[in-house]
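Content type mmCIF, C-alpha atoms, from the file final31.cif:
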```cif
data_run
#
loop_
_atom_site.label_atom_id
_atom_site.label_comp_id
_atom_site.auth_asym_id
_atom_site.auth_seq_id
_atom_site.Cartn_x
_atom_site.Cartn_y
_atom_site.Cartn_z
CA MET A 1 -6.70 138.92 -13.96
CA LYS A 2 -5.87 136.32 -11.35
CA ARG A 3 -9.56 135.63 -10.93
CA ILE A 4 -10.04 134.98 -14.63
CA LEU A 5 -7.03 132.63 -14.63
CA SER A 6 -8.35 130.56 -11.72
CA ILE A 7 -11.76 130.25 -13.41
CA ALA A 8 -10.10 128.97 -16.58
CA ILE A 9 -8.07 126.42 -14.67
CA LEU A 10 -11.25 125.24 -12.89
CA VAL A 11 -13.02 124.84 -16.24
CA LEU A 12 -10.14 122.79 -17.61
CA LEU A 13 -10.11 120.52 -14.59
CA THR A 14 -13.88 120.02 -14.83
CA THR A 15 -13.61 119.18 -18.52
CA PHE A 16 -10.81 116.67 -17.85
CA ALA A 17 -12.79 115.00 -15.13
CA PHE A 18 -15.85 114.67 -17.36
CA ALA A 19 -13.70 113.19 -20.13
CA GLN A 20 -12.50 110.50 -17.71
CA LYS A 21 -16.09 109.35 -16.96
CA LYS A 22 -17.17 109.20 -20.61
CA PRO A 23 -16.81 105.66 -22.11
CA THR A 24 -14.38 105.30 -24.90
CA LYS A 25 -14.83 102.98 -27.86
CA LEU A 26 -11.86 100.61 -27.96
CA ALA A 27 -11.22 97.66 -30.22
CA PRO A 28 -12.27 94.41 -28.55
CA LYS A 29 -9.45 92.26 -27.36
CA LYS A 30 -8.93 88.94 -29.05
CA ALA A 31 -9.89 86.04 -26.80
CA ALA A 32 -7.22 83.48 -26.07
CA PRO A 33 -7.63 80.27 -28.03
CA VAL A 34 -9.47 77.68 -25.97
CA ALA A 35 -8.37 74.01 -26.32
CA ALA A 36 -11.02 71.81 -27.81
CA ALA A 37 -12.69 69.70 -25.17
CA PRO A 38 -12.46 65.94 -25.72
CA VAL A 39 -15.52 64.31 -27.13
CA VAL A 40 -17.20 62.39 -24.34
CA ASP A 41 -19.32 59.39 -25.21
CA THR A 42 -22.57 60.02 -23.43
CA VAL A 43 -23.60 56.37 -23.78
CA LYS A 44 -22.49 54.54 -20.63
CA LYS A 45 -21.15 51.09 -21.24
CA ALA A 46 -22.03 48.41 -18.72
CA PRO A 47 -19.02 47.24 -16.75
CA VAL A 48 -17.68 43.91 -17.96
CA LYS A 49 -17.72 41.36 -15.14
CA THR A 50 -15.10 38.65 -15.30
CA ALA A 51 -16.73 35.31 -14.60
CA LYS A 52 -15.19 33.66 -11.59
CA LYS A 53 -14.95 29.91 -11.70
CA LYS A 54 -16.58 28.40 -8.69
CA LEU A 55 -15.65 24.96 -7.48
CA LYS A 56 -18.75 22.86 -7.77
CA VAL A 57 -18.82 20.44 -4.86
CA PRO A 58 -21.59 17.87 -5.21
CA PRO A 59 -24.01 17.92 -2.32
CA LYS A 60 -23.85 15.20 0.26
CA ASP A 61 -26.44 12.56 -0.47
CA GLY A 62 -28.01 12.25 2.96
CA PHE A 63 -26.47 11.94 6.39
CA TYR A 64 -25.52 8.28 6.18
CA ALA A 65 -24.28 7.95 2.58
CA ARG A 66 -20.84 6.32 2.51
CA LYS A 67 -19.29 4.64 -0.49
CA ASP A 68 -16.60 2.76 1.35
CA ILE A 69 -15.14 2.25 4.80
CA ASP A 70 -11.44 2.55 4.09
CA SER A 71 -10.83 3.76 7.64
CA THR A 72 -11.99 0.45 9.09
CA GLU A 73 -9.21 -1.69 10.53
CA MET A 74 -9.12 -5.44 10.20
CA VAL A 75 -9.83 -7.16 13.50
CA PRO A 76 -7.07 -9.74 13.96
CA LEU A 77 -8.07 -13.28 14.89
CA ALA A 78 -6.52 -15.02 17.83
CA ASP A 79 -3.43 -17.07 17.09
CA VAL A 80 -3.98 -20.80 17.37
CA ARG A 81 -1.00 -23.06 17.89
CA GLU A 82 -1.04 -26.53 16.39
CA GLU A 83 -0.36 -28.16 19.77
CA ASP A 84 -3.45 -26.43 21.21
CA VAL A 85 -5.82 -27.86 18.59
CA PHE A 86 -7.49 -30.84 20.22
CA TYR A 87 -10.13 -31.39 17.52
CA ALA A 88 -10.47 -30.24 13.91
CA LYS A 89 -13.07 -30.89 11.23
CA ARG A 90 -12.89 -29.61 7.67
CA ILE A 91 -16.17 -28.56 6.09
CA TRP A 92 -17.08 -27.34 2.61
CA ARG A 93 -20.28 -25.35 2.32
CA GLU A 94 -22.01 -23.36 -0.40
CA ILE A 95 -23.68 -19.95 -0.17
CA ASP A 96 -26.60 -19.44 -2.55
CA LEU A 97 -27.03 -15.74 -3.36
CA ARG A 98 -30.64 -16.32 -4.36
CA ASP A 99 -31.37 -16.76 -0.68
CA THR A 100 -32.71 -13.54 0.86
CA VAL A 101 -30.22 -13.71 3.72
CA ASN A 102 -27.32 -13.76 1.24
CA SER A 103 -28.72 -11.10 -1.10
CA PRO A 104 -26.28 -8.37 0.13
CA LEU A 105 -23.48 -10.25 -1.64
CA ARG A 106 -25.11 -9.64 -5.03
CA SER A 107 -26.21 -6.04 -4.58
CA PRO A 108 -25.56 -3.99 -7.78
CA LYS A 109 -23.79 -1.35 -5.67
CA SER A 110 -21.42 -3.82 -4.02
CA ARG A 111 -21.02 -7.33 -5.38
CA LEU A 112 -18.59 -9.76 -3.85
CA ILE A 113 -17.53 -11.04 -7.26
CA ASP A 114 -16.74 -7.47 -8.41
CA VAL A 115 -14.54 -6.92 -5.36
CA LEU A 116 -12.62 -10.15 -5.94
CA ILE A 117 -12.16 -9.61 -9.68
CA ALA A 118 -10.97 -6.02 -9.20
CA ALA A 119 -8.46 -7.09 -6.54
CA ILE A 120 -7.13 -9.91 -8.73
CA LYS A 121 -6.74 -7.64 -11.78
CA SER A 122 -4.82 -5.07 -9.71
CA GLU A 123 -2.67 -7.95 -8.37
CA GLU A 124 -3.64 -7.16 -4.77
CA LEU A 125 -5.02 -10.66 -4.44
CA THR A 126 -3.78 -14.01 -5.72
CA ALA A 127 -6.13 -16.41 -7.45
CA TYR A 128 -5.46 -20.14 -7.34
CA SER A 129 -6.45 -22.72 -9.90
CA PRO A 130 -9.46 -24.92 -8.99
CA ILE A 131 -8.04 -27.92 -10.84
CA ASP A 132 -4.68 -29.70 -10.70
CA SER A 133 -2.51 -31.05 -13.49
CA ALA A 134 -4.68 -34.18 -13.71
CA LEU A 135 -7.81 -32.04 -14.22
CA ASN A 136 -9.15 -32.96 -10.81
CA GLU A 137 -10.67 -30.44 -8.45
CA ASP A 138 -8.00 -28.85 -6.29
CA ASP A 139 -8.46 -26.33 -3.48
CA ALA A 140 -5.08 -26.62 -1.76
CA PHE A 141 -3.75 -23.26 -3.07
CA LEU A 142 -0.85 -24.92 -4.85
CA ASN A 143 -1.23 -23.49 -8.37
CA PRO A 144 -1.42 -19.70 -8.48
CA MET A 145 -3.02 -18.15 -11.55
CA SER A 146 -2.01 -14.98 -13.35
CA ALA A 147 -4.37 -12.02 -13.29
CA ASP A 148 -5.23 -12.45 -16.98
CA SER A 149 -5.93 -16.17 -16.74
CA ALA A 150 -8.10 -15.68 -13.65
CA ALA A 151 -10.07 -12.92 -15.40
CA LYS A 152 -10.55 -15.08 -18.51
CA SER A 153 -11.65 -17.97 -16.34
CA ALA A 154 -14.28 -15.74 -14.78
CA LEU A 155 -15.45 -14.53 -18.17
CA GLY A 156 -15.68 -17.98 -19.66
CA THR A 157 -15.47 -18.91 -23.32
CA ALA A 158 -17.88 -19.87 -26.03
CA GLU A 159 -17.29 -21.81 -29.24
CA VAL A 160 -18.52 -20.11 -32.41
CA SER A 161 -18.72 -22.26 -35.52
CA ASN A 162 -18.44 -20.90 -39.06
CA ASN A 163 -20.64 -22.87 -41.45
CA LYS A 164 -18.85 -21.56 -44.55
CA THR A 165 -15.32 -22.50 -43.54
CA GLY A 166 -16.27 -25.24 -41.12
CA THR A 167 -13.98 -23.88 -38.41
CA VAL A 168 -14.75 -23.48 -34.72
CA THR A 169 -13.42 -20.39 -32.94
CA THR A 170 -13.20 -19.98 -29.18
CA VAL A 171 -14.41 -16.52 -28.13
CA VAL A 172 -14.14 -14.95 -24.68
CA ASN A 173 -17.52 -13.95 -23.29
CA ASP A 174 -18.37 -10.61 -21.72
CA PHE A 175 -18.29 -10.43 -17.94
CA ASN A 176 -21.70 -11.06 -16.41
CA ALA A 177 -21.82 -10.77 -12.63
CA ASP A 178 -25.34 -12.23 -12.52
CA LEU A 179 -23.97 -15.65 -13.46
CA PHE A 180 -22.14 -15.97 -10.13
CA LEU A 181 -25.02 -17.07 -7.93
CA LYS A 182 -23.06 -19.32 -5.57
CA PHE A 183 -19.87 -19.24 -3.55
CA ARG A 184 -18.07 -22.18 -1.99
CA ILE A 185 -16.33 -21.87 1.37
CA LYS A 186 -13.70 -24.16 2.80
CA GLU A 187 -13.37 -23.87 6.56
CA ASP A 188 -11.97 -25.67 9.59
CA TRP A 189 -13.88 -26.13 12.84
CA ILE A 190 -11.28 -26.31 15.60
CA PHE A 191 -11.33 -26.68 19.35
CA ASP A 192 -8.62 -24.56 20.97
CA THR A 193 -7.77 -26.06 24.37
CA LYS A 194 -5.80 -23.00 25.43
CA ARG A 195 -8.82 -20.70 25.08
CA SER A 196 -11.46 -23.45 25.48
CA ILE A 197 -13.21 -22.22 22.33
CA PHE A 198 -14.76 -24.22 19.52
CA GLU A 199 -14.91 -21.98 16.45
CA PRO A 200 -14.75 -22.01 12.64
CA ARG A 201 -11.91 -20.52 10.62
CA ILE A 202 -12.53 -19.80 6.93
CA VAL A 203 -9.61 -21.00 4.82
CA GLY A 204 -10.71 -20.19 1.28
CA ILE A 205 -13.57 -18.92 -0.83
CA ALA A 206 -14.40 -19.60 -4.48
CA PRO A 207 -17.02 -18.15 -6.85
CA LEU A 208 -19.05 -20.78 -8.71
CA LYS A 209 -20.46 -20.79 -12.23
CA PHE A 210 -22.92 -23.25 -13.68
CA ASN A 211 -21.38 -25.57 -16.25
CA GLU A 212 -23.86 -26.30 -19.01
CA VAL A 213 -21.99 -29.45 -20.03
CA SER A 214 -21.69 -31.16 -16.66
CA LYS A 215 -24.85 -29.48 -15.27
CA GLN A 216 -23.02 -28.69 -12.05
CA TRP A 217 -21.73 -25.63 -10.25
CA GLN A 218 -17.97 -25.46 -10.54
CA PRO A 219 -15.42 -23.11 -8.93
CA VAL A 220 -13.81 -20.51 -11.18
CA PHE A 221 -10.82 -19.86 -8.90
CA TRP A 222 -9.94 -20.08 -5.23
CA VAL A 223 -8.90 -17.19 -2.99
CA TYR A 224 -7.00 -17.61 0.26
CA TYR A 225 -9.30 -15.96 2.78
CA PRO A 226 -6.67 -14.68 5.28
CA GLU A 227 -5.13 -12.80 2.36
CA ALA A 228 -8.49 -11.52 1.12
CA ARG A 229 -9.48 -10.18 4.55
CA GLU A 230 -7.37 -7.03 4.10
CA ILE A 231 -9.41 -6.17 1.01
CA LEU A 232 -12.82 -7.33 2.19
CA THR A 233 -12.47 -5.31 5.39
CA LYS A 234 -12.27 -2.07 3.38
CA LYS A 235 -15.33 -2.73 1.23
CA ARG A 236 -18.70 -1.71 2.57
CA LEU A 237 -21.55 -4.18 2.44
CA ILE A 238 -25.11 -3.02 1.78
CA ASN A 239 -26.90 -3.81 5.03
CA THR A 240 -30.57 -4.57 4.45
CA ASN A 241 -31.43 -3.77 8.05
CA ASN A 242 -29.54 -0.50 8.57
CA ASP A 243 -28.30 1.87 5.85
CA ALA A 244 -26.06 3.74 8.30
CA SER A 245 -24.11 0.65 9.34
CA SER A 246 -20.45 0.19 8.55
CA LEU A 247 -20.72 -3.53 7.89
CA SER A 248 -17.96 -4.88 5.66
CA PHE A 249 -17.73 -8.07 3.63
CA ASP A 250 -15.32 -9.45 6.21
CA ASP A 251 -17.86 -8.80 8.98
CA PHE A 252 -20.44 -10.70 6.97
CA PHE A 253 -18.28 -13.84 6.97
CA ILE A 254 -16.59 -13.57 10.36
CA ARG A 255 -19.88 -12.94 12.16
CA ARG A 256 -21.52 -15.82 10.26
CA LEU A 257 -24.33 -13.65 8.90
CA PHE A 258 -24.77 -15.83 5.82
CA SER A 259 -26.97 -18.83 5.17
CA SER A 260 -25.37 -21.96 3.73
CA TYR A 261 -25.55 -25.71 3.44
CA ILE A 262 -22.78 -28.29 3.71
CA VAL A 263 -21.74 -30.03 0.51
CA LYS A 264 -18.76 -31.99 1.80
CA GLU A 265 -16.96 -33.03 4.94
CA SER A 266 -13.51 -34.53 5.26
CA ASN A 267 -13.71 -38.28 4.55
CA PRO A 268 -11.31 -41.03 3.42
CA GLY A 269 -12.76 -41.18 -0.09
CA ASP A 270 -12.78 -37.39 -0.56
CA ASN A 271 -16.37 -37.67 -1.73
CA LYS A 272 -18.97 -34.94 -1.86
CA ILE A 273 -22.46 -35.53 -0.59
CA ARG A 274 -23.77 -35.51 -4.16
CA ASP A 275 -21.37 -38.34 -5.02
CA ILE A 276 -23.01 -40.52 -2.38
CA ILE A 277 -26.62 -39.32 -2.38
CA SER A 278 -28.43 -38.53 -5.63
CA ASN A 279 -31.72 -37.29 -4.17
CA PRO A 280 -31.51 -33.50 -3.59
CA LYS A 281 -33.86 -33.67 -0.63
CA GLU A 282 -31.81 -36.39 1.00
CA ARG A 283 -28.66 -34.35 0.43
CA LEU A 284 -30.13 -31.48 2.45
CA TYR A 285 -30.94 -33.90 5.27
CA GLU A 286 -27.36 -35.15 5.21
CA SER A 287 -26.10 -31.57 5.27
CA GLU A 288 -28.14 -30.84 8.39
CA ARG A 289 -26.94 -34.08 9.99
CA ILE A 290 -23.30 -33.09 9.50
CA LYS A 291 -23.97 -29.61 10.84
CA LYS A 292 -25.69 -31.05 13.92
CA SER A 293 -22.89 -33.54 14.53
CA VAL A 294 -20.30 -30.75 14.56
CA LEU A 295 -22.32 -28.64 16.97
CA ASP A 296 -23.08 -31.65 19.18
CA TYR A 297 -19.36 -32.23 19.59
CA GLU A 298 -19.05 -28.87 21.30
CA GLN A 299 -22.00 -29.59 23.56
CA GLY A 300 -20.45 -32.92 24.53
CA LEU A 301 -17.33 -31.19 25.80
CA TRP A 302 -19.13 -29.51 28.70
CA GLU A 303 -20.67 -30.93 31.85
CA TYR A 304 -23.59 -29.30 33.59
#
```

Rendering of file as structure tokens:
Amino acid sequence: MKRILSIAILVLLTTFAFAQKKPTKLAPKKAAPVAAAPVVDTVKKAPVKTAKKKLKVPPKDGFYARKDIDSTEMVPLADVREEDVFYAKRIWREIDLRDTVNSPLRSPKSRLIDVLIAAIKSEELTAYSPIDSALNEDDAFLNPMSADSAAKSALGTAEVSNNKTGTVTTVVNDFNADLFLKFRIKEDWIFDTKRSIFEPRIVGIAPLKFNEVSKQWQPVFWVYYPEAREILTKKRLINTNNDASSLSFDDFFIRRLFSSYIVKESNPGDNKIRDIISNPKERLYESERIKKSVLDYEQGLWEY
């Protein structure tokens, strides 16, 4: 009996174990809801580059290009006391810009007349009237001109007549630097006994314009040269021999690099050479005679 019972228990255990290995059909579990993935744009956009502003510095035009020489200092002239002046001679001479030697003064890049006009308009320089109250030529720096009147004098005027109304109107001309082809210089040749030097000192300079009525070159205004030196020293002159030079307008006059001829010397009648001599060729001879007489005075001071 016990044997039969043990066999039955063994059969039950075997059946239970077989039932464990047999797959059972169960209802599939519901999958958890999955969040929708964001839509990704597959087209790649090019990155936007912000344009950076670059400072455009113009290239240097060569190794010697200089527009001005503002750093140049004015070389002071030696002081001359009146009691040390043993001899003095006043000379008036004219510089013709049509001469090749004087061509730097009319260069389109740096004209002497442009420098003077700009300084007068900015009131850095004083212009003086070339005529006195009696309408005679005057170069004594007694009558200062305003900046406007000096500029108008440089421009000149023209009379325009109206045939319909019969009126004549005075019109100011446009500025034309090419009309200023001559400059007049007033200078003193002095012998300084203290330094034993015979040298010229420029007193004044005046631009000249040709007067169609009188057929003569007349000064537009006078400028006191010691006052103008501070401005002329800072303006670069176009050197025909060396582009890299720092030659200024003041150097051009102080070093006597210009070519000129004498038109007047101090005399009791205050006459110009043209007032005495009508022949142009003879006037040039007289100019050279005066120049030689001044230089001969210096040679006569020394003994060898």

Tell me which residues the PyMOL selection byres ((chain A and resi 176-188) around 8) grabs here, as a PDB file with C-alpha atoms, in the coordinates of the input.
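As written to disk, part19.pdb reads:
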```pdb
ATOM      1  CA  ALA A  88     -10.470 -30.240  13.910  1.00  0.00           C
ATOM      2  CA  LYS A  89     -13.070 -30.890  11.230  1.00  0.00           C
ATOM      3  CA  ARG A  90     -12.890 -29.610   7.670  1.00  0.00           C
ATOM      4  CA  ILE A  91     -16.170 -28.560   6.090  1.00  0.00           C
ATOM      5  CA  TRP A  92     -17.080 -27.340   2.610  1.00  0.00           C
ATOM      6  CA  ARG A  93     -20.280 -25.350   2.320  1.00  0.00           C
ATOM      7  CA  GLU A  94     -22.010 -23.360  -0.400  1.00  0.00           C
ATOM      8  CA  ILE A  95     -23.680 -19.950  -0.170  1.00  0.00           C
ATOM      9  CA  ASP A  96     -26.600 -19.440  -2.550  1.00  0.00           C
ATOM     10  CA  LEU A  97     -27.030 -15.740  -3.360  1.00  0.00           C
ATOM     11  CA  ARG A  98     -30.640 -16.320  -4.360  1.00  0.00           C
ATOM     12  CA  ARG A 106     -25.110  -9.640  -5.030  1.00  0.00           C
ATOM     13  CA  ILE A 113     -17.530 -11.040  -7.260  1.00  0.00           C
ATOM     14  CA  ASP A 114     -16.740  -7.470  -8.410  1.00  0.00           C
ATOM     15  CA  LEU A 155     -15.450 -14.530 -18.170  1.00  0.00           C
ATOM     16  CA  ASP A 174     -18.370 -10.610 -21.720  1.00  0.00           C
ATOM     17  CA  PHE A 175     -18.290 -10.430 -17.940  1.00  0.00           C
ATOM     18  CA  TRP A 189     -13.880 -26.130  12.840  1.00  0.00           C
ATOM     19  CA  ILE A 190     -11.280 -26.310  15.600  1.00  0.00           C
ATOM     20  CA  PRO A 200     -14.750 -22.010  12.640  1.00  0.00           C
ATOM     21  CA  ARG A 201     -11.910 -20.520  10.620  1.00  0.00           C
ATOM     22  CA  ILE A 202     -12.530 -19.800   6.930  1.00  0.00           C
ATOM     23  CA  VAL A 203      -9.610 -21.000   4.820  1.00  0.00           C
ATOM     24  CA  GLY A 204     -10.710 -20.190   1.280  1.00  0.00           C
ATOM     25  CA  ILE A 205     -13.570 -18.920  -0.830  1.00  0.00           C
ATOM     26  CA  ALA A 206     -14.400 -19.600  -4.480  1.00  0.00           C
ATOM     27  CA  PRO A 207     -17.020 -18.150  -6.850  1.00  0.00           C
ATOM     28  CA  LEU A 208     -19.050 -20.780  -8.710  1.00  0.00           C
ATOM     29  CA  LYS A 209     -20.460 -20.790 -12.230  1.00  0.00           C
ATOM     30  CA  PHE A 210     -22.920 -23.250 -13.680  1.00  0.00           C
ATOM     31  CA  TRP A 217     -21.730 -25.630 -10.250  1.00  0.00           C
ATOM     32  CA  PRO A 219     -15.420 -23.110  -8.930  1.00  0.00           C
TER      33      PRO A 219
END
```

With a distance cut-off of 7 Å and all atoms listed in the file, select the neighbouring residues of region 244-252 of chain A, excluding the residue or stretch itself and same-chain residues fewer than 6 positions from it, and output the selection as number ranges by chain.
A: 64, 69, 229, 232-237, 258

Could you check which of A:Trp302, A:Tyr297, A:Tyr224, A:Phe198 is closest to Leu125 (chain A), using only C-alpha atoms?
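Among A:Trp302, A:Tyr297, A:Tyr224, A:Phe198, it is A:Tyr224 that comes nearest to Leu125 (chain A).
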
What's the separation between CA of Lys121 (chain A) and CA of Ala150 (chain A), in Å to one decimal place?
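Atom-to-atom, CA of Lys121 (chain A) to CA of Ala150 (chain A), that is 8.4 Å.
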
Applying the PyMOL selection byres ((chain A and resi 132) around 12) to the file I just gave you, which residues come out? Please list them as a PDB file with C-alpha atoms, in the coordinates of the input.
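Resulting contents of result-v3.pdb:
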```pdb
ATOM      1  CA  TYR A 128      -5.460 -20.140  -7.340  1.00  0.00           C
ATOM      2  CA  SER A 129      -6.450 -22.720  -9.900  1.00  0.00           C
ATOM      3  CA  PRO A 130      -9.460 -24.920  -8.990  1.00  0.00           C
ATOM      4  CA  ILE A 131      -8.040 -27.920 -10.840  1.00  0.00           C
ATOM      5  CA  SER A 133      -2.510 -31.050 -13.490  1.00  0.00           C
ATOM      6  CA  ALA A 134      -4.680 -34.180 -13.710  1.00  0.00           C
ATOM      7  CA  LEU A 135      -7.810 -32.040 -14.220  1.00  0.00           C
ATOM      8  CA  ASN A 136      -9.150 -32.960 -10.810  1.00  0.00           C
ATOM      9  CA  GLU A 137     -10.670 -30.440  -8.450  1.00  0.00           C
ATOM     10  CA  ASP A 138      -8.000 -28.850  -6.290  1.00  0.00           C
ATOM     11  CA  ASP A 139      -8.460 -26.330  -3.480  1.00  0.00           C
ATOM     12  CA  ALA A 140      -5.080 -26.620  -1.760  1.00  0.00           C
ATOM     13  CA  PHE A 141      -3.750 -23.260  -3.070  1.00  0.00           C
ATOM     14  CA  LEU A 142      -0.850 -24.920  -4.850  1.00  0.00           C
ATOM     15  CA  ASN A 143      -1.230 -23.490  -8.370  1.00  0.00           C
ATOM     16  CA  PRO A 144      -1.420 -19.700  -8.480  1.00  0.00           C
ATOM     17  CA  MET A 145      -3.020 -18.150 -11.550  1.00  0.00           C
ATOM     18  CA  PHE A 221     -10.820 -19.860  -8.900  1.00  0.00           C
TER      19      PHE A 221
END
```

What does the PyMOL selection byres ((chain A and resi 122) around 12) select in this file, as JSON, numbers by chain?
{"A": [115, 116, 117, 118, 119, 120, 121, 123, 124, 125, 126, 127, 146, 147, 148, 150, 151, 231]}

Once you have the residues from the selection above, write them out as an mmCIF file, in the frame of the given file, restricted to C-alpha atoms.
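Contents of part.cif, freshly written:
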```cif
data_model
loop_
_atom_site.group_PDB
_atom_site.id
_atom_site.type_symbol
_atom_site.label_atom_id
_atom_site.label_comp_id
_atom_site.auth_asym_id
_atom_site.auth_seq_id
_atom_site.Cartn_x
_atom_site.Cartn_y
_atom_site.Cartn_z
ATOM 1 C CA VAL A 115 -14.540 -6.920 -5.360
ATOM 2 C CA LEU A 116 -12.620 -10.150 -5.940
ATOM 3 C CA ILE A 117 -12.160 -9.610 -9.680
ATOM 4 C CA ALA A 118 -10.970 -6.020 -9.200
ATOM 5 C CA ALA A 119 -8.460 -7.090 -6.540
ATOM 6 C CA ILE A 120 -7.130 -9.910 -8.730
ATOM 7 C CA LYS A 121 -6.740 -7.640 -11.780
ATOM 8 C CA GLU A 123 -2.670 -7.950 -8.370
ATOM 9 C CA GLU A 124 -3.640 -7.160 -4.770
ATOM 10 C CA LEU A 125 -5.020 -10.660 -4.440
ATOM 11 C CA THR A 126 -3.780 -14.010 -5.720
ATOM 12 C CA ALA A 127 -6.130 -16.410 -7.450
ATOM 13 C CA SER A 146 -2.010 -14.980 -13.350
ATOM 14 C CA ALA A 147 -4.370 -12.020 -13.290
ATOM 15 C CA ASP A 148 -5.230 -12.450 -16.980
ATOM 16 C CA ALA A 150 -8.100 -15.680 -13.650
ATOM 17 C CA ALA A 151 -10.070 -12.920 -15.400
ATOM 18 C CA ILE A 231 -9.410 -6.170 1.010
#
```

One decimal, in Å: what's the spacing between CA of Ile254 (chain A) and CA of Arg289 (chain A)?
23.0 Å

Please check which residues have atoms at most 10 Å from (-24.7, -36.5, 0.1) in the file's coordinates, counting all atoms listed in the file, and write them as an MDAnalysis selection string.
chainID A and resid 262:265 271:287

Looking at all atoms listed in the file, which of A:Arg255, A:Arg195, A:Arg111, A:Arg3 is the one that sits closest to Ala78 (chain A)?
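With all atoms listed in the file as the atom set, the closest residue is A:Arg195.
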
Take CA of Asp192 (chain A) and CA of Glu83 (chain A) and report the distance between them in Å, one decimal.
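Between these atoms lies a distance of 9.1 Å.
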
May I ask which of the residues A:Met74, A:Val80, A:Gly62, A:Ala8 is the closest one to Lys194 (chain A), counting all atoms listed in the file?
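Among A:Met74, A:Val80, A:Gly62, A:Ala8, it is A:Val80 that comes nearest to Lys194 (chain A).
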
Counting only C-alpha atoms, figure out which residue out of A:Ile238, A:Leu257, A:Val220, A:Ile290 gets nearest to Ser149 (chain A).
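Going through A:Ile238, A:Leu257, A:Val220, A:Ile290 one by one, the smallest distance to Ser149 (chain A) is for A:Val220.
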